[in-house]
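These notes are about the structure you will find just below.
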Amino acid sequence: MTDVRAGVDEVDRQLVALLKRRFGYMEAAARIKPTREAVRDQDRKDDVHAKVAAAARAAGLPAERLWPVWEELMEQSIAYEFERYDETRD
């Protein structure tokens with residue numbers, strides 16, 4: 001069990017590094033988007049969900065288990081992008 005937990009901890013560290021990269025893209029998007037209303041893009045969210053579901057199925061994972069994870073990730077990313085958008089416009 002110790003080895004399993006150590007492996008999970010390592011994956012968590014890698015996930016944090018990847019999330020840092022993802023949030024960096026949110027910062028860039030906040031600088032680029034012309035209006036605050038452009039931050040929330042339901043078409044883009046739907047596209048991301050579809051791509052994640054396809055990737056999950058290809059990896060042999062249950063897509064329905066990943067949907068809520070990505071939904072929360074995207075909502076937190078949008079909230080972060082709103083914060084960055086507002087900071088760059090003050």
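Please note that chains go A, B, ... in the order of the structure tokens, that every chain numbers its residues from 1, and that ligands are numbered from 1 in the order shown.
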| task | Identify all residues of chain A in alpha helix (DSSP H) (DSSP on the backbone) and supply them as an MDAnalysis selection string. | result | chainID A and resid 2:32 42:58 63:89
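From CA of Glu75 in chain A back to CA of Glu10 in chain A, the distance works out to 25.0 Å.
Taking CA of Ser77 in chain A as the reference point, CA of Met26 in chain A is found at 6.7 Å.
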| field | Non-local contacts of range 64-69 of chain A (8 Å; only C-alpha atoms; under 6 positions in same chain excluded) as a ChimeraX atom specification | value | /A:49,52-53,56
| task | Compile the contact shell of Val39 in chain A as a ChimeraX atom specification: residues with an atom at most 9 Å away, counting only C-alpha atoms, same-chain residues fewer than 6 positions apart removed. | result | /A:29-30,33,78,81-82,85
Convert the current residue selection to file output with N, CA and C atoms, as a tab-separated table (two decimals), in the first residue's frame.
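Written file, out.tsv:
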```
chain	number	residue	atom	x	y	z
A	29	ALA	N	-5.59	33.72	-22.28
A	29	ALA	CA	-6.93	33.95	-22.84
A	29	ALA	C	-7.54	35.21	-22.25
A	30	ALA	N	-7.32	35.44	-20.95
A	30	ALA	CA	-7.88	36.63	-20.30
A	30	ALA	C	-7.31	37.91	-20.91
A	33	LYS	N	-9.00	37.94	-24.90
A	33	LYS	CA	-10.44	38.08	-25.15
A	33	LYS	C	-10.87	39.53	-25.06
A	78	ILE	N	-12.56	28.89	-15.63
A	78	ILE	CA	-13.32	30.07	-16.02
A	78	ILE	C	-13.29	31.11	-14.91
A	81	GLU	N	-9.99	32.70	-14.97
A	81	GLU	CA	-9.87	33.59	-16.14
A	81	GLU	C	-10.63	34.89	-15.90
A	82	PHE	N	-11.81	34.83	-15.29
A	82	PHE	CA	-12.54	36.05	-14.94
A	82	PHE	C	-11.70	36.94	-14.02
A	85	TYR	N	-8.96	38.43	-16.08
A	85	TYR	CA	-9.53	39.42	-17.00
A	85	TYR	C	-9.77	40.72	-16.25
```
| request: Between CA of Met1 in chain A and CA of Leu19 in chain A, measure the distance and give it in Å to one decimal. | output: 26.6 Å
